[in-house]
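Scroll down for the structure; my scribbles are underneath it.
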Amino acid sequence: MVALVLTTVASWGIYALLGIGIVLVYRTSRVLNIASGEMAIFIGYVAATSIQYGLPFPVAVLFSMGAATVLGFVIFWFAIRGVMGEPPHVGLMITVGIAVILNGLMIVLFGGGMIAIPAGLPAFTTIGQVQLPTPDVVATIGAWFSIAVIAVIYRLTNLGLQMRAVAERVTLSAQRGLNVDRTVALSWIVGLLAAGLAGVLHGERSFVALSASAIGISALISCLIGGMDSLKGVVIAALIVAAAETLTARYIDPRYVLIAPVAILLVILIVRPWGLFGTVEEIRRV
Amino acid sequence: MSINMNTQRIPSSLPTSRGRTIALRRGRAQWLTVLLGALALLLLPGVASVFWVHLANVSLIAVIAAVALNILTGNARLVSLGQAAFLGIGAFTAGILQRAYDVPFPVALAAAAVAGGIAGFFIALLSLRLRVLYVAVTTLVLHFTVTTIFSFVQAVFLDSSGIILPLPSLGILILKTPTQWYYFLVVVAAIVVLGALNLLRSFIGRRWTAVGEHDLAAEALGVPVAKAKLSVFAVTSAVVAFAGALSAYYVGTFSFETYNLGLAIAYLAMIIVGGVGSVLGSVLGAVFITLLPHVLDQMFLLLDLKIRANVLAGIHQITFGAMIVGFLLFEPRGLAELWRRFSAAAADWPFRYRSVDRGNR
């Protein structure tokens, strides 16, 4: 029972982290990032491959975060910058293209097979009486620590203030002397860092593989249930999605895990299309 | 004044009357292009090998589905990620009917179209209140729901490895060889393309485009927005499901694994590369994207590069994605615009600049 709760909390953390990445870039650049799963697993592959080359786990994580920074900048500079301000479907389709490219790159560069990311820790952690699987513990701590860090950055630092300003009104913040390109680039980098970390933690829990980019779909569904422009909403909705998936896998059939979140999303789209915590005007603007 | 004096010298492609402005083809050059194209289509099986005729067949089926998707996504601006689901609805409807009741080929195709139309109608009902991104998300929801149902149906009621369909027959004609299929598909694709061109010129198509341009403005002009959205979804989904059934019969077998998100993305790539909102673009894009992996393979074969099969699949995907991103960034109107510019330049040769902008569809 405790293990089941821990599994849910670990997936919750990973989906929330990925979802926060999607919401951050959506708020600043108005691009719905469909490629977040592919981005996550790509960075996961970087970490897994560097461990295979003999780097210890923490160094490999740091290295992959460096890769995520570069990837975030490259994606923003060469693709997203050109379509900002275009109708929303253009941004959507460009991330579809990015997803396909990343998928191909994963095959060409890393072989596209199943690789684990071993943290090099004992298989079980014993806290008092209960034995817990260490990978889930690491994933939970890592994900929730990073979510806290992002929340602090977003609420309390200058960068976070700038991101919120751009999210609110691009033109006005540019008129106040804010470098919009730089802010959006940084938000994409933060988004990629969040996605990359989620991918690494997912790999550490189970493994990285091409099919693992399905976590992006779960995260996207979390964002839509919570409301595309709400960080609080995505964290809460990620719990709903994670719990629904874990329960379906345990009591019905692991093959149909996606159907429960999809059904919830369908209900949300019918009764409250802007999501649980989204802004109502949001749906007008898109 | 000068025009009246030089009546003889007005180029035949210039629209000088109302009939001319809405004509499908204007001028001798455009008719010549169409005739040459038709001739090339007729002669293709005579000169090409069986493999290339097979590829032409696959392209023709893709053309049928891409034309429909482009009306939905390009003209009515309802981005659909549910293309694979609609193709699958067609294939499964036809396959199950064939399996259970042994219905004839044309009836199965018609049933597939009806099933696709009904599914499209319900998705449209869901997305009536929604705008661009949320419509895309609704179709994504449809995709996952439908593919899960397929995998369930196939595992429980049909063969889990895939369902085999018999050779289709149209009265006395049995479609067996790629060449027989080719002529059948050319006729069907021509009907769909001409139908799309005519539909887009009619008041129905103009309503769809008006709703796509701006729904509030369309409503203010008296266009029934809800009806337009419902009809465009139903009609295009019916055509896509029809293409799905055709493709299932052509391949001879189908399985739920075929209808993955990658297929939906491939169709989006077709209309982006071809040209969003252009019938010619859908045709060019469908042929281009279908042939792309095979052309790449031939190129690597010619260069004598030994590349492992899975790496080759990765290279296909990278090219594919780069096409989507590149066309969106640098030529958002796609191949159709390149063709328009090329034919305009060719028509005005040897002059560098055109005096009159010629329309081209």
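In the structure tokens, chains take the letters A, B, ... in the order shown, each chain's residues start at 1, and ligands count up from 1 in the order shown.
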
Assign secondary structure with DSSP using the backbone only, and return the residues of range 149-195 of chain B in strand (DSSP E or B) as a PyMOL selection string.
-> chain B and resi 163-164+169-170+173-174

Give the helix (DSSP H, G or I) residues of range 178-241 of chain A, as assigned by DSSP on the backbone, as an MDAnalysis selection string.
-> chainID A and resid 180:205 210:226 231:241

Using the selection just defined, write its residues with N, CA and C atoms as a short mmCIF file (atom, residue, chain, number, x, y, z; two decimals), in the first residue's frame.
```cif
data_model
loop_
_atom_site.label_atom_id
_atom_site.label_comp_id
_atom_site.auth_asym_id
_atom_site.auth_seq_id
_atom_site.Cartn_x
_atom_site.Cartn_y
_atom_site.Cartn_z
N VAL A 180 12.40 40.89 -24.38
CA VAL A 180 11.43 39.80 -24.47
C VAL A 180 12.08 38.52 -25.01
N ASP A 181 12.90 38.68 -26.06
CA ASP A 181 13.57 37.51 -26.64
C ASP A 181 14.36 36.75 -25.58
N ARG A 182 15.11 37.52 -24.76
CA ARG A 182 15.94 36.88 -23.74
C ARG A 182 15.07 36.16 -22.71
N THR A 183 13.99 36.81 -22.29
CA THR A 183 13.12 36.21 -21.28
C THR A 183 12.48 34.93 -21.80
N VAL A 184 11.99 35.00 -23.06
CA VAL A 184 11.34 33.80 -23.60
C VAL A 184 12.38 32.70 -23.78
N ALA A 185 13.59 33.08 -24.23
CA ALA A 185 14.64 32.07 -24.37
C ALA A 185 14.91 31.41 -23.03
N LEU A 186 15.02 32.23 -21.96
CA LEU A 186 15.28 31.66 -20.64
C LEU A 186 14.13 30.76 -20.21
N SER A 187 12.88 31.15 -20.55
CA SER A 187 11.77 30.30 -20.13
C SER A 187 11.81 28.97 -20.88
N TRP A 188 12.26 28.99 -22.14
CA TRP A 188 12.40 27.72 -22.85
C TRP A 188 13.51 26.88 -22.23
N ILE A 189 14.59 27.55 -21.81
CA ILE A 189 15.68 26.80 -21.18
C ILE A 189 15.19 26.18 -19.87
N VAL A 190 14.46 26.98 -19.05
CA VAL A 190 13.93 26.42 -17.80
C VAL A 190 12.97 25.27 -18.11
N GLY A 191 12.13 25.47 -19.16
CA GLY A 191 11.20 24.42 -19.55
C GLY A 191 11.92 23.14 -19.94
N LEU A 192 13.01 23.30 -20.71
CA LEU A 192 13.78 22.12 -21.12
C LEU A 192 14.48 21.47 -19.93
N LEU A 193 14.97 22.30 -18.98
CA LEU A 193 15.59 21.74 -17.78
C LEU A 193 14.57 20.91 -17.01
N ALA A 194 13.36 21.46 -16.86
CA ALA A 194 12.32 20.72 -16.14
C ALA A 194 12.01 19.42 -16.87
N ALA A 195 11.80 19.53 -18.20
CA ALA A 195 11.48 18.33 -18.97
C ALA A 195 12.62 17.32 -18.90
N GLY A 196 13.87 17.82 -19.06
CA GLY A 196 15.02 16.92 -19.05
C GLY A 196 15.15 16.19 -17.73
N LEU A 197 14.97 16.93 -16.64
CA LEU A 197 15.07 16.29 -15.32
C LEU A 197 13.98 15.24 -15.16
N ALA A 198 12.77 15.58 -15.65
CA ALA A 198 11.69 14.59 -15.58
C ALA A 198 12.08 13.34 -16.36
N GLY A 199 12.70 13.52 -17.53
CA GLY A 199 13.12 12.37 -18.32
C GLY A 199 14.17 11.54 -17.60
N VAL A 200 15.15 12.22 -16.99
CA VAL A 200 16.20 11.50 -16.27
C VAL A 200 15.59 10.72 -15.11
N LEU A 201 14.70 11.38 -14.36
CA LEU A 201 14.10 10.70 -13.21
C LEU A 201 13.22 9.54 -13.66
N HIS A 202 12.52 9.73 -14.79
CA HIS A 202 11.72 8.62 -15.30
C HIS A 202 12.62 7.44 -15.68
N GLY A 203 13.76 7.76 -16.32
CA GLY A 203 14.70 6.71 -16.67
C GLY A 203 15.27 6.03 -15.44
N GLU A 204 15.48 6.81 -14.38
CA GLU A 204 16.03 6.25 -13.15
C GLU A 204 15.01 5.32 -12.48
N ARG A 205 13.70 5.65 -12.63
CA ARG A 205 12.66 4.80 -12.06
C ARG A 205 12.47 3.52 -12.86
N LEU A 210 12.22 4.77 -26.69
CA LEU A 210 11.44 5.64 -27.57
C LEU A 210 10.00 5.74 -27.08
N SER A 211 9.45 4.58 -26.64
CA SER A 211 8.04 4.58 -26.23
C SER A 211 7.84 5.37 -24.95
N ALA A 212 8.93 5.62 -24.19
CA ALA A 212 8.77 6.31 -22.92
C ALA A 212 8.34 7.76 -23.11
N SER A 213 8.45 8.29 -24.36
CA SER A 213 8.04 9.68 -24.54
C SER A 213 6.53 9.84 -24.37
N ALA A 214 5.82 8.73 -24.13
CA ALA A 214 4.40 8.83 -23.81
C ALA A 214 4.16 9.61 -22.53
N ILE A 215 5.19 9.76 -21.66
CA ILE A 215 4.99 10.57 -20.46
C ILE A 215 4.62 12.00 -20.84
N GLY A 216 5.07 12.44 -22.03
CA GLY A 216 4.71 13.78 -22.48
C GLY A 216 3.22 13.93 -22.68
N ILE A 217 2.57 12.85 -23.16
CA ILE A 217 1.12 12.90 -23.36
C ILE A 217 0.42 13.05 -22.01
N SER A 218 0.87 12.25 -21.01
CA SER A 218 0.26 12.36 -19.68
C SER A 218 0.44 13.76 -19.13
N ALA A 219 1.64 14.33 -19.33
CA ALA A 219 1.89 15.68 -18.82
C ALA A 219 1.01 16.70 -19.53
N LEU A 220 0.87 16.52 -20.86
CA LEU A 220 0.03 17.45 -21.63
C LEU A 220 -1.41 17.38 -21.15
N ILE A 221 -1.88 16.15 -20.89
CA ILE A 221 -3.25 15.99 -20.38
C ILE A 221 -3.38 16.68 -19.02
N SER A 222 -2.33 16.56 -18.17
CA SER A 222 -2.37 17.25 -16.88
C SER A 222 -2.52 18.74 -17.07
N CYS A 223 -1.72 19.30 -18.01
CA CYS A 223 -1.79 20.74 -18.24
C CYS A 223 -3.19 21.15 -18.66
N LEU A 224 -3.81 20.35 -19.56
CA LEU A 224 -5.11 20.74 -20.08
C LEU A 224 -6.19 20.60 -19.02
N ILE A 225 -6.06 19.57 -18.15
CA ILE A 225 -7.04 19.43 -17.07
C ILE A 225 -6.89 20.59 -16.09
N GLY A 226 -5.63 20.93 -15.78
CA GLY A 226 -5.40 21.98 -14.79
C GLY A 226 -5.64 23.37 -15.33
N LEU A 231 0.16 27.27 -13.06
CA LEU A 231 1.14 26.35 -12.48
C LEU A 231 0.51 25.53 -11.37
N LYS A 232 -0.33 26.18 -10.56
CA LYS A 232 -1.00 25.47 -9.48
C LYS A 232 -1.89 24.36 -10.07
N GLY A 233 -2.61 24.73 -11.13
CA GLY A 233 -3.53 23.78 -11.76
C GLY A 233 -2.81 22.55 -12.27
N VAL A 234 -1.65 22.72 -12.90
CA VAL A 234 -0.98 21.56 -13.49
C VAL A 234 -0.49 20.63 -12.39
N VAL A 235 -0.04 21.20 -11.25
CA VAL A 235 0.45 20.33 -10.17
C VAL A 235 -0.70 19.49 -9.61
N ILE A 236 -1.87 20.13 -9.44
CA ILE A 236 -3.01 19.38 -8.90
C ILE A 236 -3.51 18.34 -9.91
N ALA A 237 -3.60 18.77 -11.19
CA ALA A 237 -4.10 17.86 -12.21
C ALA A 237 -3.15 16.69 -12.43
N ALA A 238 -1.83 16.93 -12.23
CA ALA A 238 -0.87 15.83 -12.38
C ALA A 238 -1.16 14.73 -11.37
N LEU A 239 -1.62 15.13 -10.18
CA LEU A 239 -1.99 14.12 -9.17
C LEU A 239 -3.16 13.29 -9.69
N ILE A 240 -4.17 13.98 -10.26
CA ILE A 240 -5.34 13.26 -10.78
C ILE A 240 -4.90 12.25 -11.84
N VAL A 241 -4.06 12.73 -12.78
CA VAL A 241 -3.62 11.85 -13.87
C VAL A 241 -2.81 10.68 -13.33
#
```

Mind running chain A against chain B at 10 Å and telling me each contacting residue's nearest atom pair with the distance in Å (one decimal), counting only C-alpha atoms, chain and number ascending, as JSON lines?
```
{"residue": "A:Val31", "atom": "CA", "partner": "B:Leu133", "partner_atom": "CA", "distance": 9.7}
{"residue": "A:Leu32", "atom": "CA", "partner": "B:Leu133", "partner_atom": "CA", "distance": 7.8}
{"residue": "A:Phe78", "atom": "CA", "partner": "B:Leu329", "partner_atom": "CA", "distance": 9.3}
{"residue": "A:Ala79", "atom": "CA", "partner": "B:Val325", "partner_atom": "CA", "distance": 7.1}
{"residue": "A:Ile80", "atom": "CA", "partner": "B:Leu329", "partner_atom": "CA", "distance": 9.2}
{"residue": "A:Arg81", "atom": "CA", "partner": "B:Leu329", "partner_atom": "CA", "distance": 9.7}
{"residue": "A:Gly82", "atom": "CA", "partner": "B:Leu329", "partner_atom": "CA", "distance": 6.3}
{"residue": "A:Val83", "atom": "CA", "partner": "B:Leu329", "partner_atom": "CA", "distance": 7.0}
{"residue": "A:Pro87", "atom": "CA", "partner": "B:Val132", "partner_atom": "CA", "distance": 8.9}
{"residue": "A:Pro88", "atom": "CA", "partner": "B:Leu133", "partner_atom": "CA", "distance": 6.8}
{"residue": "A:His89", "atom": "CA", "partner": "B:Val132", "partner_atom": "CA", "distance": 6.5}
{"residue": "A:Val90", "atom": "CA", "partner": "B:Leu328", "partner_atom": "CA", "distance": 7.2}
{"residue": "A:Gly91", "atom": "CA", "partner": "B:Leu328", "partner_atom": "CA", "distance": 9.1}
{"residue": "A:Leu92", "atom": "CA", "partner": "B:Leu133", "partner_atom": "CA", "distance": 7.8}
{"residue": "A:Met93", "atom": "CA", "partner": "B:Ile324", "partner_atom": "CA", "distance": 7.7}
{"residue": "A:Ile94", "atom": "CA", "partner": "B:Val325", "partner_atom": "CA", "distance": 5.4}
{"residue": "A:Thr95", "atom": "CA", "partner": "B:Val325", "partner_atom": "CA", "distance": 8.2}
{"residue": "A:Val96", "atom": "CA", "partner": "B:Ile265", "partner_atom": "CA", "distance": 7.3}
{"residue": "A:Gly97", "atom": "CA", "partner": "B:Gly321", "partner_atom": "CA", "distance": 4.3}
{"residue": "A:Ile98", "atom": "CA", "partner": "B:Gly321", "partner_atom": "CA", "distance": 6.2}
{"residue": "A:Ala99", "atom": "CA", "partner": "B:Gly321", "partner_atom": "CA", "distance": 7.5}
{"residue": "A:Val100", "atom": "CA", "partner": "B:Gly321", "partner_atom": "CA", "distance": 5.0}
{"residue": "A:Ile101", "atom": "CA", "partner": "B:Ile318", "partner_atom": "CA", "distance": 4.4}
{"residue": "A:Leu102", "atom": "CA", "partner": "B:Ile318", "partner_atom": "CA", "distance": 7.4}
{"residue": "A:Asn103", "atom": "CA", "partner": "B:Gln317", "partner_atom": "CA", "distance": 7.1}
{"residue": "A:Gly104", "atom": "CA", "partner": "B:Gly314", "partner_atom": "CA", "distance": 3.9}
{"residue": "A:Leu105", "atom": "CA", "partner": "B:Gly314", "partner_atom": "CA", "distance": 6.4}
{"residue": "A:Met106", "atom": "CA", "partner": "B:Gly314", "partner_atom": "CA", "distance": 7.6}
{"residue": "A:Ile107", "atom": "CA", "partner": "B:Gly314", "partner_atom": "CA", "distance": 5.1}
{"residue": "A:Val108", "atom": "CA", "partner": "B:Val311", "partner_atom": "CA", "distance": 5.1}
{"residue": "A:Leu109", "atom": "CA", "partner": "B:Val311", "partner_atom": "CA", "distance": 8.6}
{"residue": "A:Phe110", "atom": "CA", "partner": "B:Val311", "partner_atom": "CA", "distance": 9.7}
{"residue": "A:Gly111", "atom": "CA", "partner": "B:Val311", "partner_atom": "CA", "distance": 7.4}
{"residue": "A:Gly112", "atom": "CA", "partner": "B:Asn310", "partner_atom": "CA", "distance": 8.6}
{"residue": "A:Ile217", "atom": "CA", "partner": "B:Leu140", "partner_atom": "CA", "distance": 9.7}
{"residue": "A:Leu220", "atom": "CA", "partner": "B:Val137", "partner_atom": "CA", "distance": 9.4}
{"residue": "A:Ile221", "atom": "CA", "partner": "B:Val137", "partner_atom": "CA", "distance": 8.9}
{"residue": "A:Leu224", "atom": "CA", "partner": "B:Val137", "partner_atom": "CA", "distance": 8.5}
{"residue": "A:Arg255", "atom": "CA", "partner": "B:Thr148", "partner_atom": "CA", "distance": 8.8}
{"residue": "A:Tyr256", "atom": "CA", "partner": "B:Thr148", "partner_atom": "CA", "distance": 6.9}
{"residue": "A:Val257", "atom": "CA", "partner": "B:Thr148", "partner_atom": "CA", "distance": 9.8}
{"residue": "A:Leu258", "atom": "CA", "partner": "B:Phe144", "partner_atom": "CA", "distance": 7.6}
{"residue": "A:Ile259", "atom": "CA", "partner": "B:Thr145", "partner_atom": "CA", "distance": 6.5}
{"residue": "A:Ala260", "atom": "CA", "partner": "B:Thr145", "partner_atom": "CA", "distance": 9.7}
{"residue": "A:Pro261", "atom": "CA", "partner": "B:Val141", "partner_atom": "CA", "distance": 9.7}
{"residue": "A:Val262", "atom": "CA", "partner": "B:Val141", "partner_atom": "CA", "distance": 6.1}
{"residue": "A:Ala263", "atom": "CA", "partner": "B:Thr145", "partner_atom": "CA", "distance": 8.2}
{"residue": "A:Leu265", "atom": "CA", "partner": "B:Val141", "partner_atom": "CA", "distance": 7.8}
{"residue": "A:Leu266", "atom": "CA", "partner": "B:Val141", "partner_atom": "CA", "distance": 7.0}
{"residue": "A:Leu269", "atom": "CA", "partner": "B:Thr138", "partner_atom": "CA", "distance": 7.6}
{"residue": "A:Ile270", "atom": "CA", "partner": "B:Leu126", "partner_atom": "CA", "distance": 6.6}
{"residue": "A:Pro273", "atom": "CA", "partner": "B:Leu130", "partner_atom": "CA", "distance": 7.5}
{"residue": "A:Trp274", "atom": "CA", "partner": "B:Tyr134", "partner_atom": "CA", "distance": 8.8}
{"residue": "A:Ile283", "atom": "CA", "partner": "B:Arg131", "partner_atom": "CA", "distance": 7.0}
{"residue": "A:Arg284", "atom": "CA", "partner": "B:Arg131", "partner_atom": "CA", "distance": 7.6}
{"residue": "A:Arg285", "atom": "CA", "partner": "B:Arg131", "partner_atom": "CA", "distance": 8.9}
{"residue": "A:Val286", "atom": "CA", "partner": "B:Arg131", "partner_atom": "CA", "distance": 6.6}
```

Now that the selection is made, can you save its residues with C-alpha atoms as a PDB file, in the first residue's frame?
```pdb
ATOM      1  CA  VAL A  31       3.330  27.815 -28.050  1.00  0.00           C
ATOM      2  CA  LEU A  32       1.686  24.572 -26.959  1.00  0.00           C
ATOM      3  CA  PHE A  78      16.107  28.373 -34.499  1.00  0.00           C
ATOM      4  CA  ALA A  79      12.449  27.364 -34.411  1.00  0.00           C
ATOM      5  CA  ILE A  80      10.209  29.035 -31.838  1.00  0.00           C
ATOM      6  CA  ARG A  81      11.498  32.596 -32.335  1.00  0.00           C
ATOM      7  CA  GLY A  82      10.344  32.496 -35.958  1.00  0.00           C
ATOM      8  CA  VAL A  83       6.739  31.565 -35.163  1.00  0.00           C
ATOM      9  CA  PRO A  87      -1.612  31.887 -35.192  1.00  0.00           C
ATOM     10  CA  PRO A  88      -1.500  29.211 -32.454  1.00  0.00           C
ATOM     11  CA  HIS A  89      -1.695  26.215 -34.779  1.00  0.00           C
ATOM     12  CA  VAL A  90       1.654  27.162 -36.334  1.00  0.00           C
ATOM     13  CA  GLY A  91       3.406  26.884 -32.972  1.00  0.00           C
ATOM     14  CA  LEU A  92       1.646  23.580 -32.330  1.00  0.00           C
ATOM     15  CA  MET A  93       2.763  22.148 -35.662  1.00  0.00           C
ATOM     16  CA  ILE A  94       6.343  23.325 -35.225  1.00  0.00           C
ATOM     17  CA  THR A  95       6.599  21.419 -31.948  1.00  0.00           C
ATOM     18  CA  VAL A  96       5.165  18.403 -33.775  1.00  0.00           C
ATOM     19  CA  GLY A  97       8.086  18.760 -36.207  1.00  0.00           C
ATOM     20  CA  ILE A  98      10.545  19.110 -33.314  1.00  0.00           C
ATOM     21  CA  ALA A  99       9.117  15.949 -31.739  1.00  0.00           C
ATOM     22  CA  VAL A 100       9.717  13.999 -34.956  1.00  0.00           C
ATOM     23  CA  ILE A 101      13.271  15.344 -35.307  1.00  0.00           C
ATOM     24  CA  LEU A 102      14.112  14.486 -31.682  1.00  0.00           C
ATOM     25  CA  ASN A 103      12.658  11.011 -32.145  1.00  0.00           C
ATOM     26  CA  GLY A 104      14.891  10.489 -35.192  1.00  0.00           C
ATOM     27  CA  LEU A 105      17.918  11.872 -33.366  1.00  0.00           C
ATOM     28  CA  MET A 106      17.321   9.450 -30.484  1.00  0.00           C
ATOM     29  CA  ILE A 107      17.448   6.565 -32.953  1.00  0.00           C
ATOM     30  CA  VAL A 108      20.512   7.818 -34.817  1.00  0.00           C
ATOM     31  CA  LEU A 109      22.562   9.014 -31.826  1.00  0.00           C
ATOM     32  CA  PHE A 110      21.557   6.579 -29.083  1.00  0.00           C
ATOM     33  CA  GLY A 111      20.163   3.579 -30.961  1.00  0.00           C
ATOM     34  CA  GLY A 112      16.672   4.036 -29.574  1.00  0.00           C
ATOM     35  CA  ILE A 217       1.122  12.901 -23.363  1.00  0.00           C
ATOM     36  CA  LEU A 220       0.032  17.446 -21.627  1.00  0.00           C
ATOM     37  CA  ILE A 221      -3.247  15.994 -20.382  1.00  0.00           C
ATOM     38  CA  LEU A 224      -5.113  20.735 -20.082  1.00  0.00           C
ATOM     39  CA  ARG A 255      -2.328  -1.686 -21.466  1.00  0.00           C
ATOM     40  CA  TYR A 256      -5.125   0.829 -21.098  1.00  0.00           C
ATOM     41  CA  VAL A 257      -3.489   3.257 -18.618  1.00  0.00           C
ATOM     42  CA  LEU A 258      -4.021   6.258 -20.874  1.00  0.00           C
ATOM     43  CA  ILE A 259      -7.767   5.795 -21.177  1.00  0.00           C
ATOM     44  CA  ALA A 260      -8.608   7.026 -17.648  1.00  0.00           C
ATOM     45  CA  PRO A 261      -6.819  10.408 -17.949  1.00  0.00           C
ATOM     46  CA  VAL A 262      -8.230  10.805 -21.461  1.00  0.00           C
ATOM     47  CA  ALA A 263     -11.759  10.217 -20.160  1.00  0.00           C
ATOM     48  CA  LEU A 265      -9.913  15.267 -20.006  1.00  0.00           C
ATOM     49  CA  LEU A 266     -12.948  14.636 -22.185  1.00  0.00           C
ATOM     50  CA  LEU A 269     -13.309  19.704 -22.263  1.00  0.00           C
ATOM     51  CA  ILE A 270     -17.089  19.424 -22.261  1.00  0.00           C
ATOM     52  CA  PRO A 273     -12.770  23.717 -21.478  1.00  0.00           C
ATOM     53  CA  TRP A 274     -10.356  26.220 -19.959  1.00  0.00           C
ATOM     54  CA  ILE A 283      -9.764  30.317 -24.455  1.00  0.00           C
ATOM     55  CA  ARG A 284     -10.907  33.463 -26.246  1.00  0.00           C
ATOM     56  CA  ARG A 285      -7.382  34.544 -26.904  1.00  0.00           C
ATOM     57  CA  VAL A 286      -6.171  31.268 -28.393  1.00  0.00           C
TER      58      VAL A 286
END
```

Between A:Asp253, A:Asp229, A:Glu168, A:Asp136, single out the one closest to Leu4 in chain A, counting only C-alpha atoms.
-> A:Asp136

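From CA of Met84 in chain A back to CA of Phe42 in chain A, the distance works out to 24.2 Å.
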
Residues within 9 Å of range 124-135 of chain A, only C-alpha atoms, excluding chain neighbours under 5 positions, as number ranges by chain = A: 2-3, 6, 118-119, 140, 201, 204-206
